[in-house]
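Working notes, structure below.
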Amino acid sequence: MAALDVRLKKVNKVYTEGEVLNGIVVIESKGDLQHQGISLLVEGTVTLQLSSKSVGLFEAFYSSLKPITLLNYSLVVAKPGKLPSGRTEIPFEVPLKPKANKALHETYHGVFVNIQYLIKAEMKRPLLAKDLTKNIEFIIEYKLQKEKIIPNPVSFSIKPETLQNVKDKSSLPKFLVKGRLDSAHCNISKPLTGQLVVDHCDAPIKSIEIQLVRVETCGCAEGYARDATEIQNIQIGEGDVCRGLTIPIYMVFPRLFTCPTLATSNFKIEFEVNVVVVLQDDHLITENFPIKLIRG
């Protein structure tokens with residue numbers, strides 16, 4: 001029996017563009033091991049997908065939805081030969097340099113846009129033996145920006161008159177929810193903060209929630225598909241909350257499911273925050289705030 005593994009020098013597997021990716025390929029076997037060569041492929045790709053509502057709308061999409069290769073580097077770690085019994089470690093180094101006219105965008109796991117970086121190790125075996133493969137993901141993050149993120153506070157006041165998608169506003173209970181987000185320009189490694197006060201509300205409240213939404217746009221000049229999906233929902237008030245009480249807003253941005261706001265010619269990744277007040281009869285009162293995420 002033989003096993004193939006890849007271990008990176010950095011335990012957290014987080015790298016930036018321009019760094020060297022180094023580690024070892026580990027082969028363990030009970031007895032001498034014949035092989036036809038061991039190779040390593042390091043690749044970074046953006047995969048774009050259409051939501052079911054957008055499929056068929058634009059024929060032009062299909063050409064622009066091919067995976068975009070940001071990084072592609074292959075090397076031979078060992079030429080064909082024989083490995084001794086036990087454990088063999090072979091070191092490797094790969095410079096993290098993007099392909100021409102490309103940049104290494106941050107790792108991001110979305111619904112319709114995915115940015116992923118993988119190391120694929122493969123050991124070719126003689127005729128009847130099965131080839132050994134091992135894939136591991138590593139994370140790319142932008143270098144920290146030197147310039148300071150200037151806070152951009154946003155105050156809000158939610159009342160029946162400010163609601164957009166309501167035909168008959170006279171049927172709504174009277175309410176006023178005030179508050180602020182400390183900044184719409186957010187450092188991705190720090191929490192989103194702010195506060196909220198229910199000034200008055202005629203109807204009993206069931207819950208108050210903060211929702212983080214990803215807005216993914218795929219497409220090209222001929223048209224594009226824009227899809228908003230929820231990343232996480234955090235309850236900040238349970239039940240019919242006290243009127244006039246200041247409720248803190250605090251939300252940590254989850255790793256991998258968020259990345260700095262990004263716009264390219266083929267796709268965009270943006271983020272929004274919804275403040276949601278759920279009334280006892282399950283009516284939703286929602287206010288939407290676009291936010292910009294920055295790696296600070």
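FYI, nothing fancy with the structure tokens labels: chains A, B, ... in order, residues from 1 per chain, ligands from 1 as they appear.
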
Strand (DSSP E) positions in range 19-201 of chain A, given as a count of residues only: 95

Close residues, Ile247 in chain A itself excluded, 8 Å, only C-alpha atoms, min 4 positions apart in chain, as a PyMOL selection string: chain A and resi 195-197+236-237

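For the atom pair formed by CA of Pro80 in chain A and CA of Asn22 in chain A, the distance is 22.3 Å, given to one decimal.
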
Polymer residues at most 9 Å from Ile140 in chain A, only C-alpha atoms, same-chain spacing of 2 or more positions, as a list in words: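 Residues meeting the cut-off are Lys13, Val14, Tyr15, Thr16, Glu17, Leu104, His105, Glu106, Thr107, Gln116, Tyr117, Phe138 and Tyr142 of chain A.
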
Output N, CA and C atoms of each residue in that selection to a file, as a PDB file, in the first residue's frame.
ATOM      1  N   LYS A  13      -2.041  27.988   5.657  1.00  0.00           N
ATOM      2  CA  LYS A  13      -2.203  27.904   4.188  1.00  0.00           C
ATOM      3  C   LYS A  13      -2.623  29.231   3.553  1.00  0.00           C
ATOM      4  N   VAL A  14      -2.312  30.361   4.206  1.00  0.00           N
ATOM      5  CA  VAL A  14      -2.690  31.678   3.661  1.00  0.00           C
ATOM      6  C   VAL A  14      -1.463  32.341   3.028  1.00  0.00           C
ATOM      7  N   TYR A  15      -1.606  32.729   1.759  1.00  0.00           N
ATOM      8  CA  TYR A  15      -0.493  33.332   1.010  1.00  0.00           C
ATOM      9  C   TYR A  15      -0.962  34.600   0.312  1.00  0.00           C
ATOM     10  N   THR A  16       0.018  35.423  -0.112  1.00  0.00           N
ATOM     11  CA  THR A  16      -0.309  36.604  -0.913  1.00  0.00           C
ATOM     12  C   THR A  16       0.419  36.500  -2.248  1.00  0.00           C
ATOM     13  N   GLU A  17      -0.044  37.257  -3.235  1.00  0.00           N
ATOM     14  CA  GLU A  17       0.593  37.256  -4.555  1.00  0.00           C
ATOM     15  C   GLU A  17       2.061  37.664  -4.419  1.00  0.00           C
ATOM     16  N   LEU A 104      -4.088  37.781  -8.860  1.00  0.00           N
ATOM     17  CA  LEU A 104      -4.581  36.718  -7.974  1.00  0.00           C
ATOM     18  C   LEU A 104      -5.631  37.315  -7.044  1.00  0.00           C
ATOM     19  N   HIS A 105      -6.889  37.093  -7.384  1.00  0.00           N
ATOM     20  CA  HIS A 105      -7.979  37.586  -6.537  1.00  0.00           C
ATOM     21  C   HIS A 105      -8.041  36.740  -5.269  1.00  0.00           C
ATOM     22  N   GLU A 106      -8.660  37.291  -4.241  1.00  0.00           N
ATOM     23  CA  GLU A 106      -8.764  36.549  -2.983  1.00  0.00           C
ATOM     24  C   GLU A 106      -9.634  35.307  -3.141  1.00  0.00           C
ATOM     25  N   THR A 107      -9.286  34.278  -2.371  1.00  0.00           N
ATOM     26  CA  THR A 107     -10.108  33.061  -2.331  1.00  0.00           C
ATOM     27  C   THR A 107     -11.534  33.441  -1.919  1.00  0.00           C
ATOM     28  N   GLN A 116     -10.833  29.787  -6.473  1.00  0.00           N
ATOM     29  CA  GLN A 116     -10.198  28.722  -5.690  1.00  0.00           C
ATOM     30  C   GLN A 116      -8.785  28.440  -6.195  1.00  0.00           C
ATOM     31  N   TYR A 117      -7.912  28.143  -5.236  1.00  0.00           N
ATOM     32  CA  TYR A 117      -6.504  27.831  -5.547  1.00  0.00           C
ATOM     33  C   TYR A 117      -6.199  26.434  -5.025  1.00  0.00           C
ATOM     34  N   PHE A 138      -5.208  25.986  -1.024  1.00  0.00           N
ATOM     35  CA  PHE A 138      -4.544  27.009  -0.216  1.00  0.00           C
ATOM     36  C   PHE A 138      -5.262  28.330  -0.445  1.00  0.00           C
ATOM     37  N   TYR A 142      -5.275  39.362  -0.176  1.00  0.00           N
ATOM     38  CA  TYR A 142      -4.535  40.548  -0.621  1.00  0.00           C
ATOM     39  C   TYR A 142      -3.568  40.986   0.464  1.00  0.00           C
TER      40      TYR A 142
END

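With only C-alpha atoms taken into account, the protein and nucleic acid residues at most 8 Å from Glu89 in chain A (excluding it and anything under 5 positions from it in its own chain) are Ile24, Val25, Val26 and Ile27 of chain A.
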
Create the file for the chosen residues now, containing all heavy atoms and written as a PDB file, in the first residue's frame.
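Wrote result-v7.pdb, looks like this:
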ATOM      1  N   ILE A  24       6.224  20.128   1.093  1.00  0.00           N
ATOM      2  CA  ILE A  24       6.800  18.836   0.728  1.00  0.00           C
ATOM      3  C   ILE A  24       5.716  17.898   0.196  1.00  0.00           C
ATOM      4  O   ILE A  24       4.566  17.981   0.591  1.00  0.00           O
ATOM      5  CB  ILE A  24       7.511  18.156   1.941  1.00  0.00           C
ATOM      6  CG1 ILE A  24       6.587  18.097   3.178  1.00  0.00           C
ATOM      7  CG2 ILE A  24       8.825  18.834   2.288  1.00  0.00           C
ATOM      8  CD1 ILE A  24       7.114  17.269   4.332  1.00  0.00           C
ATOM      9  N   VAL A  25       6.143  17.049  -0.717  1.00  0.00           N
ATOM     10  CA  VAL A  25       5.299  15.933  -1.162  1.00  0.00           C
ATOM     11  C   VAL A  25       5.759  14.721  -0.343  1.00  0.00           C
ATOM     12  O   VAL A  25       6.960  14.423  -0.297  1.00  0.00           O
ATOM     13  CB  VAL A  25       5.471  15.662  -2.665  1.00  0.00           C
ATOM     14  CG1 VAL A  25       4.665  14.443  -3.086  1.00  0.00           C
ATOM     15  CG2 VAL A  25       5.044  16.877  -3.477  1.00  0.00           C
ATOM     16  N   VAL A  26       4.825  14.078   0.329  1.00  0.00           N
ATOM     17  CA  VAL A  26       5.161  12.945   1.207  1.00  0.00           C
ATOM     18  C   VAL A  26       4.615  11.652   0.594  1.00  0.00           C
ATOM     19  O   VAL A  26       3.431  11.573   0.259  1.00  0.00           O
ATOM     20  CB  VAL A  26       4.549  13.143   2.620  1.00  0.00           C
ATOM     21  CG1 VAL A  26       4.938  11.985   3.538  1.00  0.00           C
ATOM     22  CG2 VAL A  26       4.990  14.467   3.223  1.00  0.00           C
ATOM     23  N   ILE A  27       5.521  10.667   0.447  1.00  0.00           N
ATOM     24  CA  ILE A  27       5.091   9.360  -0.056  1.00  0.00           C
ATOM     25  C   ILE A  27       5.442   8.319   1.008  1.00  0.00           C
ATOM     26  O   ILE A  27       6.581   8.279   1.486  1.00  0.00           O
ATOM     27  CB  ILE A  27       5.794   8.983  -1.381  1.00  0.00           C
ATOM     28  CG1 ILE A  27       5.578  10.092  -2.428  1.00  0.00           C
ATOM     29  CG2 ILE A  27       5.252   7.662  -1.925  1.00  0.00           C
ATOM     30  CD1 ILE A  27       6.742  10.974  -2.648  1.00  0.00           C
TER      31      ILE A  27
END

Which neighbours of range 173-181 of chain A fall inside 7 Å, counting only C-alpha atoms, when residues of the same chain fewer than 3 positions from it are skipped, and could you give them as a short mmCIF file (atom, residue, chain, number, x, y, z; two decimals) with N, CA, C and O atoms, in the first residue's frame?
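So the final result, stored in part_5.cif, reads:
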data_model
loop_
_atom_site.label_atom_id
_atom_site.label_comp_id
_atom_site.auth_asym_id
_atom_site.auth_seq_id
_atom_site.Cartn_x
_atom_site.Cartn_y
_atom_site.Cartn_z
N PRO A 153 -19.87 56.51 8.01
CA PRO A 153 -21.06 56.14 8.78
C PRO A 153 -22.35 56.33 7.99
O PRO A 153 -22.45 57.22 7.14
N VAL A 154 -23.32 55.46 8.24
CA VAL A 154 -24.62 55.53 7.57
C VAL A 154 -25.72 55.54 8.63
O VAL A 154 -25.85 54.58 9.39
N SER A 155 -26.47 56.61 8.67
CA SER A 155 -27.61 56.66 9.60
C SER A 155 -28.87 56.22 8.85
O SER A 155 -28.99 56.45 7.65
N PHE A 156 -29.80 55.61 9.57
CA PHE A 156 -31.04 55.19 8.91
C PHE A 156 -32.24 55.45 9.81
O PHE A 156 -32.12 55.54 11.04
N SER A 157 -33.36 55.61 9.13
CA SER A 157 -34.62 55.82 9.84
C SER A 157 -35.68 55.08 9.03
O SER A 157 -35.98 55.45 7.89
N ILE A 158 -36.19 53.97 9.59
CA ILE A 158 -37.15 53.14 8.85
C ILE A 158 -38.55 53.42 9.38
O ILE A 158 -38.82 53.28 10.58
N LYS A 159 -39.43 53.88 8.49
CA LYS A 159 -40.83 54.16 8.85
C LYS A 159 -41.69 53.81 7.64
O LYS A 159 -41.16 53.61 6.54
N PRO A 160 -43.02 53.76 7.79
CA PRO A 160 -43.86 53.33 6.66
C PRO A 160 -43.59 54.12 5.37
O PRO A 160 -43.57 53.56 4.28
N ALA A 184 -19.93 52.15 6.11
CA ALA A 184 -20.32 51.30 4.97
C ALA A 184 -19.07 50.80 4.24
O ALA A 184 -19.14 49.96 3.36
N THR A 193 -20.14 47.05 12.80
CA THR A 193 -20.74 47.50 14.06
C THR A 193 -21.72 48.65 13.81
O THR A 193 -21.69 49.29 12.76
N GLY A 194 -22.56 48.89 14.81
CA GLY A 194 -23.53 49.97 14.73
C GLY A 194 -24.52 49.82 15.87
O GLY A 194 -24.27 49.11 16.84
N GLN A 195 -25.65 50.51 15.73
CA GLN A 195 -26.69 50.37 16.75
C GLN A 195 -28.06 50.66 16.16
O GLN A 195 -28.17 51.24 15.07
N LEU A 196 -29.09 50.23 16.90
CA LEU A 196 -30.46 50.34 16.40
C LEU A 196 -31.38 50.59 17.59
O LEU A 196 -31.17 50.04 18.68
N VAL A 197 -32.38 51.46 17.39
CA VAL A 197 -33.37 51.75 18.44
C VAL A 197 -34.77 51.66 17.82
O VAL A 197 -35.02 52.25 16.77
N VAL A 198 -35.67 50.89 18.48
CA VAL A 198 -37.07 50.91 18.05
C VAL A 198 -37.72 52.06 18.82
O VAL A 198 -37.94 51.98 20.03
N ASP A 199 -37.97 53.16 18.11
CA ASP A 199 -38.55 54.35 18.75
C ASP A 199 -40.00 54.06 19.16
O ASP A 199 -40.39 54.25 20.30
N HIS A 200 -40.78 53.61 18.18
CA HIS A 200 -42.13 53.12 18.50
C HIS A 200 -42.59 52.16 17.40
O HIS A 200 -42.09 52.22 16.28
N CYS A 201 -43.50 51.28 17.76
CA CYS A 201 -44.06 50.34 16.79
C CYS A 201 -45.40 49.87 17.34
O CYS A 201 -45.47 49.33 18.45
N ASP A 202 -46.49 50.14 16.59
CA ASP A 202 -47.84 49.79 17.05
C ASP A 202 -48.05 48.28 17.14
O ASP A 202 -48.78 47.79 17.99
N ALA A 203 -47.40 47.54 16.23
CA ALA A 203 -47.59 46.08 16.21
C ALA A 203 -46.49 45.42 17.05
O ALA A 203 -45.38 45.94 17.14
#

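Omitting Thr47 in chain A and its sequence neighbours fewer than 5 positions away, and counting only C-alpha atoms, the residues within 9 Å are Leu65, Lys66, Pro67, Ile68, Thr69, Phe112, Val113, Asn114, Ile115 and Gln116 of chain A.
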
File of the preceding selection, N, CA, C and O atoms, as a CSV table (one decimal), in the first residue's frame:
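Printed below is selection-v9.csv as written:
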chain,number,residue,atom,x,y,z
A,65,LEU,N,-18.6,32.5,-19.7
A,65,LEU,CA,-18.7,31.8,-18.5
A,65,LEU,C,-17.7,30.6,-18.4
A,65,LEU,O,-17.7,29.8,-17.5
A,66,LYS,N,-16.8,30.6,-19.3
A,66,LYS,CA,-15.7,29.6,-19.2
A,66,LYS,C,-14.9,29.9,-18.0
A,66,LYS,O,-14.7,31.1,-17.6
A,67,PRO,N,-14.3,28.9,-17.3
A,67,PRO,CA,-13.4,29.2,-16.2
A,67,PRO,C,-12.3,30.1,-16.5
A,67,PRO,O,-11.7,30.0,-17.6
A,68,ILE,N,-12.0,31.1,-15.7
A,68,ILE,CA,-10.9,32.0,-15.9
A,68,ILE,C,-9.7,31.5,-15.1
A,68,ILE,O,-9.8,31.4,-13.9
A,69,THR,N,-8.6,31.3,-15.8
A,69,THR,CA,-7.4,30.8,-15.1
A,69,THR,C,-6.5,32.0,-14.7
A,69,THR,O,-6.1,32.8,-15.5
A,112,PHE,N,-22.6,31.6,-7.2
A,112,PHE,CA,-22.4,31.6,-8.7
A,112,PHE,C,-21.0,32.0,-9.1
A,112,PHE,O,-20.7,31.9,-10.3
A,113,VAL,N,-20.2,32.5,-8.2
A,113,VAL,CA,-18.8,32.8,-8.5
A,113,VAL,C,-17.9,32.1,-7.4
A,113,VAL,O,-18.2,32.1,-6.3
A,114,ASN,N,-16.9,31.4,-7.9
A,114,ASN,CA,-16.0,30.7,-7.0
A,114,ASN,C,-14.6,31.0,-7.4
A,114,ASN,O,-14.2,30.8,-8.6
A,115,ILE,N,-13.7,31.4,-6.5
A,115,ILE,CA,-12.3,31.7,-6.7
A,115,ILE,C,-11.5,30.7,-5.8
A,115,ILE,O,-11.6,30.8,-4.6
A,116,GLN,N,-10.8,29.8,-6.5
A,116,GLN,CA,-10.2,28.7,-5.7
A,116,GLN,C,-8.8,28.4,-6.2
A,116,GLN,O,-8.5,28.5,-7.4

Contacts of Leu41 in chain A at 9 Å (only C-alpha atoms; same-chain gap of 4+ positions) as a PyMOL selection string: chain A and resi 72-76+118-122

Go ahead and write the residues just picked, N, CA, C and O atoms, as a compact mmCIF listing (two decimals), in the first residue's frame.
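Contents of the output file again-v1.txt:
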# COMPACT_ATOMS: atom_id res chain seq x y z
N ASN A 72 -1.33 29.15 -13.18
CA ASN A 72 -1.16 27.79 -13.67
C ASN A 72 0.33 27.49 -13.75
O ASN A 72 1.06 28.14 -14.47
N TYR A 73 0.75 26.54 -12.94
CA TYR A 73 2.18 26.25 -12.83
C TYR A 73 2.33 24.76 -12.61
O TYR A 73 1.75 24.21 -11.68
N SER A 74 3.11 24.09 -13.47
CA SER A 74 3.30 22.66 -13.25
C SER A 74 4.79 22.35 -13.17
O SER A 74 5.60 23.01 -13.82
N LEU A 75 5.12 21.36 -12.36
CA LEU A 75 6.53 20.96 -12.27
C LEU A 75 6.62 19.48 -11.98
O LEU A 75 5.72 18.87 -11.41
N VAL A 76 7.75 18.91 -12.40
CA VAL A 76 8.02 17.50 -12.13
C VAL A 76 8.80 17.44 -10.82
O VAL A 76 9.86 18.03 -10.68
N LEU A 118 -5.68 25.58 -5.92
CA LEU A 118 -5.44 24.18 -5.56
C LEU A 118 -4.03 23.75 -5.92
O LEU A 118 -3.44 24.24 -6.89
N ILE A 119 -3.50 22.80 -5.12
CA ILE A 119 -2.28 22.08 -5.48
C ILE A 119 -2.71 20.65 -5.75
O ILE A 119 -3.36 20.02 -4.91
N LYS A 120 -2.34 20.15 -6.92
CA LYS A 120 -2.70 18.77 -7.27
C LYS A 120 -1.41 17.98 -7.48
O LYS A 120 -0.62 18.31 -8.37
N ALA A 121 -1.21 16.98 -6.64
CA ALA A 121 -0.04 16.11 -6.78
C ALA A 121 -0.49 14.81 -7.42
O ALA A 121 -1.57 14.29 -7.11
N GLU A 122 0.34 14.28 -8.32
CA GLU A 122 -0.01 13.02 -8.97
C GLU A 122 1.22 12.15 -9.12
O GLU A 122 2.27 12.62 -9.54
